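S.K.: For reference, this is final.txt, and it has compact mmCIF, C-alpha atoms and all ligand atoms.
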```txt
# COMPACT_ATOMS: atom_id res chain seq x y z
CA MET A 1 -2.24 -12.68 16.78
CA GLY A 2 -1.74 -12.20 20.55
CA THR A 3 1.54 -14.09 20.51
CA SER A 4 3.03 -12.14 17.67
CA ILE A 5 2.39 -8.74 19.28
CA ASP A 6 3.80 -10.02 22.58
CA THR A 7 6.83 -11.35 20.77
CA LEU A 8 7.26 -7.98 19.09
CA ILE A 9 6.98 -6.13 22.41
CA ASN A 10 9.49 -8.45 24.09
CA ALA A 11 11.92 -8.24 21.20
CA THR A 12 11.91 -4.42 21.13
CA SER A 13 14.69 -2.87 23.18
CA ASP A 14 13.93 0.79 22.41
CA SER A 15 11.69 2.03 25.25
CA ASP A 16 9.70 4.49 23.09
CA LEU A 17 8.90 1.83 20.50
CA LYS A 18 8.09 -0.72 23.17
CA LYS A 19 5.58 1.74 24.72
CA ILE A 20 3.96 2.34 21.33
CA ALA A 21 3.59 -1.40 20.72
CA GLU A 22 2.03 -1.80 24.19
CA LYS A 23 -0.45 0.96 23.36
CA VAL A 24 -1.40 -0.69 20.09
CA LYS A 25 -1.96 -3.99 21.86
CA GLN A 26 -4.24 -2.28 24.38
CA LYS A 27 -6.05 -0.18 21.73
CA ILE A 28 -4.73 3.07 23.22
CA ARG A 29 -4.28 5.95 20.81
CA ILE A 30 -0.70 7.04 20.08
CA SER A 31 0.24 10.72 20.46
CA ASP A 32 1.58 13.04 17.77
CA LYS A 33 5.03 12.78 19.31
CA GLU A 34 4.84 9.01 19.10
CA GLY A 35 3.78 9.29 15.47
CA ILE A 36 6.96 11.26 14.76
CA ILE A 37 9.00 8.69 16.71
CA LEU A 38 7.64 5.95 14.46
CA PHE A 39 8.78 7.86 11.37
CA GLU A 40 12.19 8.55 12.90
CA LYS A 41 12.97 5.25 14.57
CA GLY A 42 10.50 2.59 13.44
CA SER A 43 12.06 0.01 11.15
CA LEU A 44 10.05 -1.32 8.23
CA SER A 45 9.59 -4.64 9.99
CA PHE A 46 8.53 -3.04 13.29
CA VAL A 47 5.91 -0.64 11.90
CA GLY A 48 4.81 -3.31 9.40
CA ALA A 49 4.17 -5.88 12.14
CA LEU A 50 2.20 -3.39 14.24
CA ALA A 51 0.14 -2.19 11.29
CA ASN A 52 -0.58 -5.74 10.19
CA PHE A 53 -1.68 -6.62 13.71
CA ILE A 54 -4.18 -3.72 13.62
CA ARG A 55 -5.33 -4.61 10.10
CA GLU A 56 -6.01 -8.21 11.08
CA ARG A 57 -7.72 -7.17 14.32
CA LEU A 58 -10.06 -4.93 12.30
CA HIS A 59 -10.57 -6.94 9.14
CA GLY A 60 -8.80 -10.29 9.33
CA ASP A 61 -7.56 -11.13 5.84
CA THR A 62 -10.46 -9.42 4.11
CA THR A 63 -9.29 -7.14 1.33
CA TYR A 64 -11.86 -4.95 -0.32
CA PHE A 65 -12.17 -3.74 -3.86
CA ASN A 66 -15.05 -2.26 -5.82
CA ARG A 67 -16.24 -2.06 -9.40
CA ASN A 68 -16.12 1.52 -10.52
CA PHE A 69 -15.29 3.76 -13.43
CA HIS A 70 -13.96 7.26 -13.64
CA ILE A 71 -15.18 10.32 -15.48
CA GLU A 72 -12.87 13.31 -15.70
CA PRO A 73 -15.04 16.20 -16.97
CA THR A 74 -12.07 18.42 -17.84
CA ASN A 75 -8.37 18.90 -17.23
CA VAL A 76 -8.63 22.66 -17.67
CA CYS A 77 -8.00 24.27 -14.30
CA VAL A 78 -7.90 27.75 -12.82
CA PHE A 79 -5.39 26.61 -10.20
CA SER A 80 -1.72 25.93 -10.59
CA CYS A 81 -0.61 23.24 -8.14
CA LYS A 82 3.10 22.66 -8.63
CA PHE A 83 2.85 18.85 -8.46
CA CYS A 84 0.10 18.57 -11.06
CA SER A 85 1.00 17.07 -14.45
CA TYR A 86 -2.58 16.80 -15.55
CA SER A 87 -4.09 20.26 -15.64
CA ARG A 88 -3.98 22.75 -18.46
CA LEU A 89 -4.05 26.33 -17.23
CA TYR A 90 -7.24 28.20 -17.92
CA ALA A 91 -5.52 31.60 -17.62
CA LYS A 92 -2.97 30.68 -20.31
CA LYS A 93 -5.67 29.28 -22.63
CA GLU A 94 -3.77 25.98 -22.74
CA GLU A 95 -5.49 23.20 -24.64
CA GLY A 96 -7.25 20.54 -22.61
CA TRP A 97 -10.42 18.48 -22.82
CA GLU A 98 -13.91 19.53 -21.77
CA LEU A 99 -16.73 17.00 -21.77
CA SER A 100 -20.33 18.02 -22.32
CA ILE A 101 -23.10 16.60 -20.15
CA ASP A 102 -24.18 14.38 -23.03
CA GLN A 103 -20.64 13.07 -23.51
CA MET A 104 -20.46 12.20 -19.81
CA LEU A 105 -23.85 10.51 -19.95
CA ASP A 106 -22.66 8.52 -22.94
CA ILE A 107 -19.77 7.25 -20.80
CA VAL A 108 -22.26 6.22 -18.10
CA LYS A 109 -24.35 4.44 -20.73
CA THR A 110 -21.38 2.35 -21.89
CA TYR A 111 -21.69 0.57 -18.52
CA ASP A 112 -25.38 -0.30 -18.97
CA GLY A 113 -25.94 -3.90 -17.98
CA LYS A 114 -22.52 -4.20 -16.34
CA PRO A 115 -22.34 -4.82 -12.59
CA ILE A 116 -20.64 -1.52 -11.72
CA THR A 117 -21.59 0.05 -8.39
CA GLU A 118 -19.83 3.44 -8.44
CA VAL A 119 -18.88 6.30 -10.71
CA HIS A 120 -16.00 8.48 -9.52
CA ILE A 121 -16.10 11.98 -11.04
CA VAL A 122 -13.24 14.45 -10.50
CA GLY A 123 -11.32 16.82 -12.68
CA GLY A 124 -9.80 20.25 -13.02
CA VAL A 125 -11.62 23.40 -11.93
CA HIS A 126 -13.13 24.88 -15.06
CA PRO A 127 -14.89 28.23 -14.49
CA LYS A 128 -17.61 27.42 -17.01
CA MET A 129 -18.54 24.14 -15.33
CA ASN A 130 -20.63 25.58 -12.52
CA MET A 131 -23.28 24.44 -10.00
CA ALA A 132 -26.08 24.41 -12.57
CA TYR A 133 -23.94 22.28 -14.91
CA PHE A 134 -23.11 19.69 -12.29
CA ILE A 135 -26.62 19.61 -10.80
CA GLU A 136 -27.91 18.77 -14.27
CA LEU A 137 -25.22 16.08 -14.64
CA MET A 138 -26.10 14.49 -11.27
CA GLN A 139 -29.83 14.52 -12.10
CA LYS A 140 -29.30 12.97 -15.50
CA ILE A 141 -27.03 10.22 -14.19
CA LYS A 142 -29.56 9.34 -11.49
CA ALA A 143 -32.46 9.45 -13.95
CA HIS A 144 -30.59 7.02 -16.18
CA ARG A 145 -29.25 4.69 -13.47
CA PRO A 146 -30.72 5.42 -10.02
CA GLY A 147 -28.74 2.70 -8.23
CA LEU A 148 -25.32 3.95 -9.32
CA HIS A 149 -23.43 5.52 -6.41
CA VAL A 150 -22.06 8.91 -7.42
CA LYS A 151 -18.79 9.76 -5.64
CA ALA A 152 -17.81 13.10 -7.04
CA PHE A 153 -15.93 16.40 -6.67
CA THR A 154 -12.95 17.16 -4.50
CA ALA A 155 -13.32 19.86 -1.85
CA VAL A 156 -11.30 22.06 -4.23
CA GLU A 157 -13.90 21.79 -6.98
CA LEU A 158 -16.74 22.25 -4.47
CA ASP A 159 -15.19 25.29 -2.79
CA TYR A 160 -14.83 26.98 -6.18
CA MET A 161 -18.36 26.03 -7.28
CA PHE A 162 -20.00 27.25 -4.07
CA ARG A 163 -18.10 30.54 -3.97
CA LYS A 164 -18.91 31.23 -7.61
CA ALA A 165 -22.61 30.51 -6.98
CA LYS A 166 -22.48 32.64 -3.81
CA LEU A 167 -23.77 29.75 -1.75
CA SER A 168 -22.81 28.72 1.75
CA VAL A 169 -21.06 25.36 1.96
CA GLU A 170 -24.15 23.90 3.58
CA GLU A 171 -26.57 25.21 0.97
CA GLY A 172 -24.32 24.18 -1.94
CA MET A 173 -23.78 20.70 -0.54
CA LYS A 174 -27.51 20.22 0.08
CA GLN A 175 -28.33 21.18 -3.51
CA LEU A 176 -25.80 18.73 -4.97
CA HIS A 177 -26.82 15.99 -2.55
CA GLU A 178 -30.48 16.42 -3.52
CA ALA A 179 -29.50 16.28 -7.19
CA GLY A 180 -27.80 12.90 -6.69
CA LEU A 181 -24.33 13.40 -5.21
CA ASP A 182 -23.87 10.51 -2.76
CA SER A 183 -20.38 10.90 -1.36
CA LEU A 184 -17.10 12.78 -1.76
CA PRO A 185 -13.72 11.45 -2.81
CA GLY A 186 -10.69 12.42 -0.76
CA GLY A 187 -8.73 14.55 -3.22
CA GLY A 188 -7.46 18.08 -2.82
CA ALA A 189 -6.21 17.58 0.74
CA GLU A 190 -2.53 17.42 -0.34
CA ILE A 191 -0.70 18.55 2.82
CA PHE A 192 -2.67 20.75 5.20
CA SER A 193 0.21 22.58 6.88
CA PRO A 194 0.29 26.13 5.42
CA GLU A 195 4.08 26.10 5.41
CA ILE A 196 4.07 23.36 2.74
CA ARG A 197 0.71 24.03 1.13
CA GLU A 198 1.78 27.56 0.19
CA GLN A 199 4.72 26.11 -1.73
CA ILE A 200 2.88 23.38 -3.63
CA ALA A 201 -0.79 24.42 -3.87
CA ALA A 202 -0.91 28.08 -2.93
CA ASP A 203 -4.04 29.22 -4.68
CA LYS A 204 -6.67 26.64 -3.83
CA VAL A 205 -8.83 25.99 -0.77
CA ASP A 206 -6.83 25.79 2.46
CA ALA A 207 -6.92 23.16 5.19
CA ASN A 208 -9.81 24.70 7.12
CA GLY A 209 -11.88 25.06 3.96
CA TRP A 210 -11.20 21.43 2.97
CA LEU A 211 -12.12 20.17 6.42
CA GLN A 212 -15.24 22.35 6.60
CA ILE A 213 -16.53 20.91 3.32
CA HIS A 214 -16.03 17.34 4.53
CA GLU A 215 -17.58 18.13 7.92
CA THR A 216 -20.63 19.61 6.20
CA ALA A 217 -20.99 16.52 4.02
CA HIS A 218 -20.74 14.30 7.11
CA ASN A 219 -23.39 16.37 8.89
CA LEU A 220 -25.72 15.76 5.95
CA GLY A 221 -25.19 12.03 6.38
CA MET A 222 -22.77 11.64 3.46
CA HIS A 223 -19.54 9.67 3.72
CA THR A 224 -16.25 10.92 2.39
CA ASN A 225 -12.63 9.86 1.93
CA ALA A 226 -9.41 11.64 2.84
CA THR A 227 -6.08 11.70 1.03
CA MET A 228 -2.56 12.92 1.74
CA LEU A 229 -0.05 13.70 -1.00
CA TYR A 230 3.28 12.59 0.43
CA GLY A 231 6.87 12.04 -0.57
CA HIS A 232 7.79 15.49 -1.88
CA ILE A 233 8.99 18.43 0.26
CA GLU A 234 7.01 17.67 3.40
CA LYS A 235 8.67 16.50 6.60
CA TYR A 236 7.48 13.89 9.10
CA GLU A 237 5.93 16.59 11.28
CA HIS A 238 3.77 17.76 8.37
CA ARG A 239 2.49 14.23 7.76
CA ILE A 240 1.52 13.89 11.41
CA ASP A 241 -0.06 17.35 11.46
CA HIS A 242 -2.13 16.36 8.42
CA MET A 243 -3.30 13.10 9.95
CA ARG A 244 -3.99 14.79 13.32
CA ARG A 245 -6.48 17.17 11.69
CA LEU A 246 -8.19 14.23 10.01
CA ARG A 247 -8.26 12.20 13.21
CA GLU A 248 -9.82 15.13 15.08
CA LEU A 249 -12.58 15.60 12.51
CA GLN A 250 -13.23 11.87 12.46
CA ASP A 251 -13.65 11.93 16.27
CA LYS A 252 -16.32 14.59 15.77
CA THR A 253 -18.28 13.15 12.84
CA ALA A 254 -17.17 9.55 12.09
CA GLY A 255 -17.92 10.39 8.46
CA PHE A 256 -14.67 9.29 6.83
CA ASN A 257 -14.58 5.84 5.27
CA THR A 258 -11.05 5.57 4.00
CA PHE A 259 -7.65 7.18 4.21
CA ILE A 260 -5.71 7.11 0.93
CA PRO A 261 -2.05 8.11 0.96
CA LEU A 262 -1.07 9.33 -2.53
CA LYS A 263 2.56 8.95 -3.51
CA PHE A 264 3.94 12.01 -5.28
CA ARG A 265 4.91 11.17 -8.87
CA ASN A 266 7.36 13.56 -10.49
CA GLN A 267 6.98 13.37 -14.26
CA ASP A 268 6.15 16.50 -16.29
CA ASN A 269 5.33 18.88 -13.48
CA ASP A 270 6.92 21.88 -11.78
CA MET A 271 8.32 19.63 -9.06
CA SER A 272 10.11 17.17 -11.30
CA TYR A 273 13.38 18.07 -9.54
CA VAL A 274 12.05 16.34 -6.37
CA SER A 275 12.84 12.63 -6.34
CA GLU A 276 10.10 10.12 -5.63
CA SER A 277 9.95 8.24 -2.35
CA THR A 278 11.30 4.71 -2.15
CA ILE A 279 9.08 1.66 -1.77
CA THR A 280 10.41 1.18 1.76
CA GLU A 281 9.35 4.69 2.67
CA ASP A 282 5.95 4.11 0.99
CA MET A 283 5.33 0.98 3.05
CA ARG A 284 6.48 2.68 6.27
CA LEU A 285 4.05 5.52 5.54
CA TYR A 286 1.13 3.13 5.03
CA ALA A 287 1.98 1.30 8.23
CA ILE A 288 2.32 4.45 10.34
CA ALA A 289 -0.95 5.82 8.93
CA ARG A 290 -2.68 2.57 9.99
CA ILE A 291 -1.21 2.88 13.49
CA TYR A 292 -1.88 6.62 13.95
CA LEU A 293 -5.38 6.84 12.41
CA ASP A 294 -7.05 4.58 14.93
CA ASN A 295 -10.52 5.90 14.12
CA PHE A 296 -10.39 5.35 10.35
CA PRO A 297 -12.00 2.05 9.44
CA HIS A 298 -10.14 1.57 6.14
CA LEU A 299 -6.76 2.24 4.57
CA LYS A 300 -6.62 2.19 0.81
CA ALA A 301 -3.74 1.73 -1.63
CA TYR A 302 -4.67 3.28 -4.93
CA TRP A 303 -3.05 0.80 -7.32
CA PRO A 304 -2.97 2.97 -10.47
CA MET A 305 -0.63 5.27 -8.57
CA LEU A 306 1.41 2.74 -6.62
CA GLY A 307 1.60 -0.04 -9.21
CA ARG A 308 0.10 -3.52 -8.91
CA GLU A 309 2.93 -5.34 -7.17
CA ASN A 310 3.46 -2.58 -4.63
CA ALA A 311 -0.28 -2.52 -3.95
CA GLN A 312 0.00 -6.24 -3.26
CA LEU A 313 2.89 -5.58 -0.88
CA SER A 314 0.93 -2.88 0.95
CA LEU A 315 -1.57 -5.54 2.07
CA SER A 316 1.07 -6.59 4.62
CA PHE A 317 1.53 -2.99 5.83
CA GLY A 318 -1.93 -2.09 7.08
CA VAL A 319 -3.82 -1.70 3.80
CA ASN A 320 -7.18 -3.50 3.52
CA ASP A 321 -8.57 -1.94 0.34
CA ILE A 322 -7.13 -1.62 -3.15
CA ASP A 323 -9.78 0.53 -4.80
CA GLY A 324 -11.48 -0.76 -7.87
CA THR A 325 -11.47 -2.32 -11.25
CA ILE A 326 -11.42 1.22 -12.73
CA ASP A 327 -12.67 -0.07 -16.05
CA ASP A 328 -12.26 3.33 -17.62
CA SER A 329 -8.93 5.09 -17.69
CA THR A 330 -8.00 7.94 -15.39
CA LYS A 331 -5.28 10.25 -16.63
CA ILE A 332 -4.19 11.94 -13.42
CA TYR A 333 -1.42 9.42 -12.70
CA SER A 334 -0.42 8.30 -16.17
CA MET A 335 0.36 11.95 -16.90
CA ALA A 336 2.48 12.19 -13.74
CA GLY A 337 4.68 9.20 -14.54
CA SER A 338 2.80 6.16 -13.23
CA GLU A 339 3.65 2.87 -14.90
CA GLU A 340 -0.10 2.37 -15.38
CA GLN A 341 -0.79 4.17 -18.66
CA THR A 342 -4.35 2.92 -19.04
CA PRO A 343 -5.24 1.63 -15.59
CA ALA A 344 -7.82 -1.10 -15.85
CA MET A 345 -7.99 -4.45 -14.09
CA THR A 346 -10.66 -7.03 -14.50
CA THR A 347 -12.33 -8.50 -11.43
CA GLU A 348 -10.45 -11.75 -12.09
CA GLN A 349 -7.13 -9.93 -12.08
CA LEU A 350 -7.93 -8.06 -8.85
CA VAL A 351 -9.10 -11.22 -7.14
CA THR A 352 -5.97 -13.07 -8.23
CA LEU A 353 -3.76 -10.21 -7.09
CA ILE A 354 -5.28 -10.39 -3.61
CA LYS A 355 -5.22 -14.18 -3.44
CA GLN A 356 -1.58 -14.35 -4.48
CA VAL A 357 -0.65 -12.76 -1.14
CA LYS A 358 -3.03 -15.03 0.79
CA ARG A 359 -5.70 -12.46 1.57
CA LYS A 360 -9.46 -12.75 1.06
CA PRO A 361 -10.93 -10.76 -1.83
CA VAL A 362 -14.29 -9.16 -1.12
CA GLU A 363 -16.10 -6.89 -3.52
CA ARG A 364 -17.70 -3.96 -1.69
CA ASP A 365 -19.87 -1.01 -2.63
CA THR A 366 -18.76 2.56 -1.86
CA LEU A 367 -20.05 2.31 1.71
CA TYR A 368 -18.31 -1.04 2.35
CA ASN A 369 -21.40 -3.20 2.18
CA VAL A 370 -20.35 -6.61 0.90
CA VAL A 371 -21.36 -7.20 -2.72
CA LYS A 372 -19.61 -10.54 -3.17
CA ASP A 373 -17.13 -12.66 -1.27
CA TYR A 374 -14.64 -14.16 -3.73
CA THR A 375 -12.89 -16.40 -1.23
CA LEU A 376 -14.18 -19.55 -2.80
CA GLU A 377 -14.28 -18.35 -6.37
CA GLN A 378 -11.95 -20.30 -8.64
CA PHE A 379 -10.49 -18.52 -11.63
CA GLU A 380 -7.99 -19.86 -14.09
CA GLU A 381 -5.17 -18.73 -11.81
CA THR A 382 -2.36 -19.19 -14.31
CA PHE A 383 -4.24 -17.30 -16.96
CA ALA A 384 -5.19 -14.48 -14.59
CA ALA A 385 -1.67 -14.28 -13.12
CA ALA A 386 -0.26 -13.91 -16.61
CA GLN A 387 -2.68 -11.06 -17.20
CA LEU A 388 -1.46 -9.20 -14.11
CA ASN A 389 1.83 -8.24 -15.62
O1 LIG B 1 -5.80 15.80 -5.01
C1 LIG B 1 -2.22 15.07 -8.44
C2 LIG B 1 -3.23 13.83 -6.49
C3 LIG B 1 -5.48 13.72 -6.21
C4 LIG B 1 -0.26 14.13 -8.52
O2 LIG B 1 -11.40 9.16 -2.71
C5 LIG B 1 -1.02 13.51 -7.52
O3 LIG B 1 -11.50 7.14 -3.47
C6 LIG B 1 0.73 12.11 -7.03
O4 LIG B 1 -7.91 12.21 -4.69
N1 LIG B 1 1.53 12.68 -7.94
C7 LIG B 1 -6.78 13.35 -6.90
N2 LIG B 1 -0.54 12.49 -6.79
C8 LIG B 1 -7.06 11.84 -6.84
C9 LIG B 1 -7.75 11.43 -5.58
C10 LIG B 1 -8.27 10.05 -5.40
C11 LIG B 1 -7.73 9.00 -6.12
C12 LIG B 1 -8.25 7.73 -5.92
C13 LIG B 1 -9.29 7.48 -5.08
C14 LIG B 1 -9.84 8.53 -4.37
C15 LIG B 1 -10.99 8.28 -3.46
C16 LIG B 1 -9.32 9.82 -4.51
O5 LIG B 1 -4.41 13.24 -7.00
C17 LIG B 1 -5.16 15.18 -6.05
C18 LIG B 1 -3.67 15.10 -5.76
O6 LIG B 1 -3.42 14.89 -4.40
N3 LIG B 1 -2.21 14.13 -7.50
N4 LIG B 1 -1.02 15.08 -9.09
C19 LIG B 1 1.09 13.68 -8.71
N5 LIG B 1 1.90 14.27 -9.59
FE1 LIG B 2 -6.13 21.85 -10.67
FE2 LIG B 2 -6.37 19.69 -9.12
FE3 LIG B 2 -4.25 19.92 -10.77
FE4 LIG B 2 -4.44 21.50 -8.61
S1 LIG B 2 -4.25 19.24 -8.60
S2 LIG B 2 -3.92 22.17 -10.70
S3 LIG B 2 -6.66 21.85 -8.47
S4 LIG B 2 -6.39 19.75 -11.39
```
Go ahead and express the file in the form of structure tokens.
Ligand code: V47
Ligand code: SF4
M.R.:
Amino acid sequence: MGTSIDTLINATSDSDLKKIAEKVKQKIRISDKEGIILFEKGSLSFVGALANFIRERLHGDTTYFNRNFHIEPTNVCVFSCKFCSYSRLYAKKEEGWELSIDQMLDIVKTYDGKPITEVHIVGGVHPKMNMAYFIELMQKIKAHRPGLHVKAFTAVELDYMFRKAKLSVEEGMKQLHEAGLDSLPGGGAEIFSPEIREQIAADKVDANGWLQIHETAHNLGMHTNATMLYGHIEKYEHRIDHMRRLRELQDKTAGFNTFIPLKFRNQDNDMSYVSESTITEDMRLYAIARIYLDNFPHLKAYWPMLGRENAQLSLSFGVNDIDGTIDDSTKIYSMAGSEEQTPAMTTEQLVTLIKQVKRKPVERDTLYNVVKDYTLEQFEETFAAAQLN
């Protein structure tokens, strides 16, 4: 590892890039300006090598995944984010789905006896699904399966719920936590900079509100994730601004587990005129995020959005986590143009996918405790590889 970073430093003639590589070697944080320099001048191979060096210093070849399933309570939403292909507008009485508490519990029950560790619950913001509704849902899930980790609600859903119930963020979060909410997913962050946010997600919680909700969760001892929707109308400076705010909060609380860049997909939404980013730009983004976010332990590629082969590729660009088996389908990406129409991978397929690029598959729980190390597990590789495609 030492040799390759020294080789990289020696081979780099650009003085700015050389200085950044030196900093990475010495575990010194890079500045915002240097983050922008990486976007402007860093070749794919340069940022990739640096990010991979950091990834291997932190995690070696270990690549995490978990066994989870998704519940999407509704796609009816009071908000009108321009990039969203999934929601049906409440104000226009558009037709969408709404699941009752019993229907959601029935979904949970279909996993009885299966070694799932997490349920991920997010959806649109439906005015009739309020605090009382979700408290009852949390309680019933925990009563049925106490050991299941409930990762639920974006800061957007929470902000709406708390305001409607006239509760402070702290009081609202405490009530949900007591009812069974264990951690928060990273959605709703989009791009924090008001200049861009006003154009793509004008009517939902702003950056400060999003960050306050995550900070409150961290102060209650809960862990959360953070996302960034990239590859649309934002510029490099907006990406760095977004990650700076996350890095600052992480310095304060250390409550974030994972950063998840989400590639903008352009099918069937009000931003379909914007082309999607290239794979090269996706990999550069992952790598620069790994370099810039020095206090985030994990970087996740969400394979239903990126595709399986690109998720594999990302494991050489700083990524050390490829989310989960997602046994149930999530519609948020299939409706936005992802190749994954019914995203589901078996454990065998995930393990094979990781092994094919010579990394070590480790099943984790939501908090990154090791559930099982698959390094020595032998599957029928040919059979599983055939299933990947
Ligand atoms: O906030 C919506 C994004 C997010 C599109 O925490 C889109 O483990 C691309 O946050 N193109 C919700 N992205 C999903 C999310 C998530 C996913 C996986 C894991 C975790 C986690 C969190 O989906 C939204 C928005 O940023 N999104 N529409 C689109 N057209
Ligand atoms: Fe609603 Fe979320 Fe879609 Fe925005 S991204 S319209 S908040 S479902």
S.K.: In Å, how far is it from atom CA of Phe83 of chain A to atom C19 of ligand LIG 1 (chain B)?
M.R.: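 Value for the atom CA of Phe83 of chain A-atom C19 of ligand LIG 1 (chain B) distance: 5.5 Å.
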S.K.: Using all atoms listed in the file, which protein or nucleic acid residues are at most 12 Å from ligand LIG 2 (chain B), as a JSON list (two decimals) with C-alpha atoms, keeping the file's coordinate frame?
M.R.:
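Result written to part.json:
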```
[["chain", "number", "residue", "atom", "x", "y", "z"],
["A", 72, "GLU", "CA", -12.87, 13.31, -15.70],
["A", 73, "PRO", "CA", -15.04, 16.20, -16.97],
["A", 74, "THR", "CA", -12.07, 18.42, -17.84],
["A", 75, "ASN", "CA", -8.37, 18.90, -17.23],
["A", 76, "VAL", "CA", -8.63, 22.66, -17.67],
["A", 77, "CYS", "CA", -8.00, 24.27, -14.30],
["A", 78, "VAL", "CA", -7.90, 27.75, -12.82],
["A", 79, "PHE", "CA", -5.39, 26.61, -10.20],
["A", 80, "SER", "CA", -1.72, 25.93, -10.59],
["A", 81, "CYS", "CA", -0.61, 23.24, -8.14],
["A", 82, "LYS", "CA", 3.10, 22.66, -8.63],
["A", 83, "PHE", "CA", 2.85, 18.85, -8.46],
["A", 84, "CYS", "CA", 0.10, 18.57, -11.06],
["A", 85, "SER", "CA", 1.00, 17.07, -14.45],
["A", 86, "TYR", "CA", -2.58, 16.80, -15.55],
["A", 87, "SER", "CA", -4.09, 20.26, -15.64],
["A", 88, "ARG", "CA", -3.98, 22.75, -18.46],
["A", 89, "LEU", "CA", -4.05, 26.33, -17.23],
["A", 90, "TYR", "CA", -7.24, 28.20, -17.92],
["A", 91, "ALA", "CA", -5.52, 31.60, -17.62],
["A", 96, "GLY", "CA", -7.25, 20.54, -22.61],
["A", 122, "VAL", "CA", -13.24, 14.45, -10.50],
["A", 123, "GLY", "CA", -11.32, 16.82, -12.68],
["A", 124, "GLY", "CA", -9.80, 20.25, -13.02],
["A", 125, "VAL", "CA", -11.62, 23.40, -11.93],
["A", 126, "HIS", "CA", -13.13, 24.88, -15.06],
["A", 127, "PRO", "CA", -14.89, 28.23, -14.49],
["A", 153, "PHE", "CA", -15.93, 16.40, -6.67],
["A", 154, "THR", "CA", -12.95, 17.16, -4.50],
["A", 155, "ALA", "CA", -13.32, 19.86, -1.85],
["A", 156, "VAL", "CA", -11.30, 22.06, -4.23],
["A", 157, "GLU", "CA", -13.90, 21.79, -6.98],
["A", 158, "LEU", "CA", -16.74, 22.25, -4.47],
["A", 159, "ASP", "CA", -15.19, 25.29, -2.79],
["A", 160, "TYR", "CA", -14.83, 26.98, -6.18],
["A", 186, "GLY", "CA", -10.69, 12.42, -0.76],
["A", 187, "GLY", "CA", -8.73, 14.55, -3.22],
["A", 188, "GLY", "CA", -7.46, 18.08, -2.82],
["A", 189, "ALA", "CA", -6.21, 17.58, 0.74],
["A", 190, "GLU", "CA", -2.53, 17.42, -0.34],
["A", 191, "ILE", "CA", -0.70, 18.55, 2.82],
["A", 197, "ARG", "CA", 0.71, 24.03, 1.13],
["A", 200, "ILE", "CA", 2.88, 23.38, -3.63],
["A", 201, "ALA", "CA", -0.79, 24.42, -3.87],
["A", 202, "ALA", "CA", -0.91, 28.08, -2.93],
["A", 203, "ASP", "CA", -4.04, 29.22, -4.68],
["A", 204, "LYS", "CA", -6.67, 26.64, -3.83],
["A", 205, "VAL", "CA", -8.83, 25.99, -0.77],
["A", 206, "ASP", "CA", -6.83, 25.79, 2.46],
["A", 229, "LEU", "CA", -0.05, 13.70, -1.00],
["A", 264, "PHE", "CA", 3.94, 12.01, -5.28],
["A", 269, "ASN", "CA", 5.33, 18.88, -13.48],
["A", 270, "ASP", "CA", 6.92, 21.88, -11.78],
["A", 331, "LYS", "CA", -5.28, 10.25, -16.63],
["A", 332, "ILE", "CA", -4.19, 11.94, -13.42],
["A", 333, "TYR", "CA", -1.42, 9.42, -12.70],
["A", 335, "MET", "CA", 0.36, 11.95, -16.90],
["A", 336, "ALA", "CA", 2.48, 12.19, -13.74]]
```
S.K.: Kindly indicate which residue among A:Gln356, A:Asn225, A:Asn10, A:Asn295 lies nearest to Glu248 of chain A, using only C-alpha atoms for the distances.
M.R.: A:Asn295
S.K.: For Tyr236 of chain A, which residue among A:Thr325, A:Arg284, A:Ala179, A:Leu44 is the nearest when counting all atoms listed in the file?
M.R.: A:Arg284
S.K.: Just want the 8 Å neighbourhood of segment 239-244 of chain A, counted on only C-alpha atoms, with same-chain residues fewer than 3 positions away dropped. Output as a PyMOL selection string.
M.R.: chain A and resi 32+35-36+191-193+228+230+234-236+247-248+289+292-293
S.K.: Which residue is closest to Ile121 of chain A? Choose from A:Gly231, A:Gly255, A:Pro194, A:Pro185 and count all atoms listed in the file.
M.R.: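 For Ile121 of chain A, the nearest of the given residues is A:Pro185.
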S.K.: Nearest to ligand LIG 1 (chain B) among A:Thr278, A:Ser13, A:Thr347, A:Asn66, with distances taken over only C-alpha atoms and all ligand atoms: which residue is it?
M.R.: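 Between A:Thr278, A:Ser13, A:Thr347, A:Asn66, the residue approaching ligand LIG 1 (chain B) most closely is A:Asn66.
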S.K.: When distances are computed from only C-alpha atoms and all ligand atoms, which of A:Asp251, A:Asp373, A:Glu198, A:Glu118 shows the smallest separation from ligand LIG 1 (chain B)?
M.R.: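 Closest candidate: A:Glu118.
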S.K.: Report as JSON the centre and the edge lengths, in Å to one decimal, of the axis-aligned box holding every listed atom of segment 19-31 of chain A, padded by 5 Å on each side.
M.R.:
```
{"center_x": -0.2, "center_y": 3.4, "center_z": 22.4, "size_x": 21.6, "size_y": 24.7, "size_z": 14.6}
```
S.K.: Skip Gly221 of chain A itself and residues of its chain fewer than 4 positions away, then list as a PDB file with C-alpha atoms, in the frame of the given file all residues within 10 Å of it, counting all atoms listed in the file.
M.R.:
```
ATOM      1  CA  HIS A 177     -26.820  15.990  -2.550  1.00  0.00           C
ATOM      2  CA  ASP A 182     -23.870  10.510  -2.760  1.00  0.00           C
ATOM      3  CA  SER A 183     -20.380  10.900  -1.360  1.00  0.00           C
ATOM      4  CA  GLU A 215     -17.580  18.130   7.920  1.00  0.00           C
ATOM      5  CA  THR A 216     -20.630  19.610   6.200  1.00  0.00           C
ATOM      6  CA  ALA A 217     -20.990  16.520   4.020  1.00  0.00           C
ATOM      7  CA  THR A 253     -18.280  13.150  12.840  1.00  0.00           C
ATOM      8  CA  GLY A 255     -17.920  10.390   8.460  1.00  0.00           C
TER       9      GLY A 255
END
```
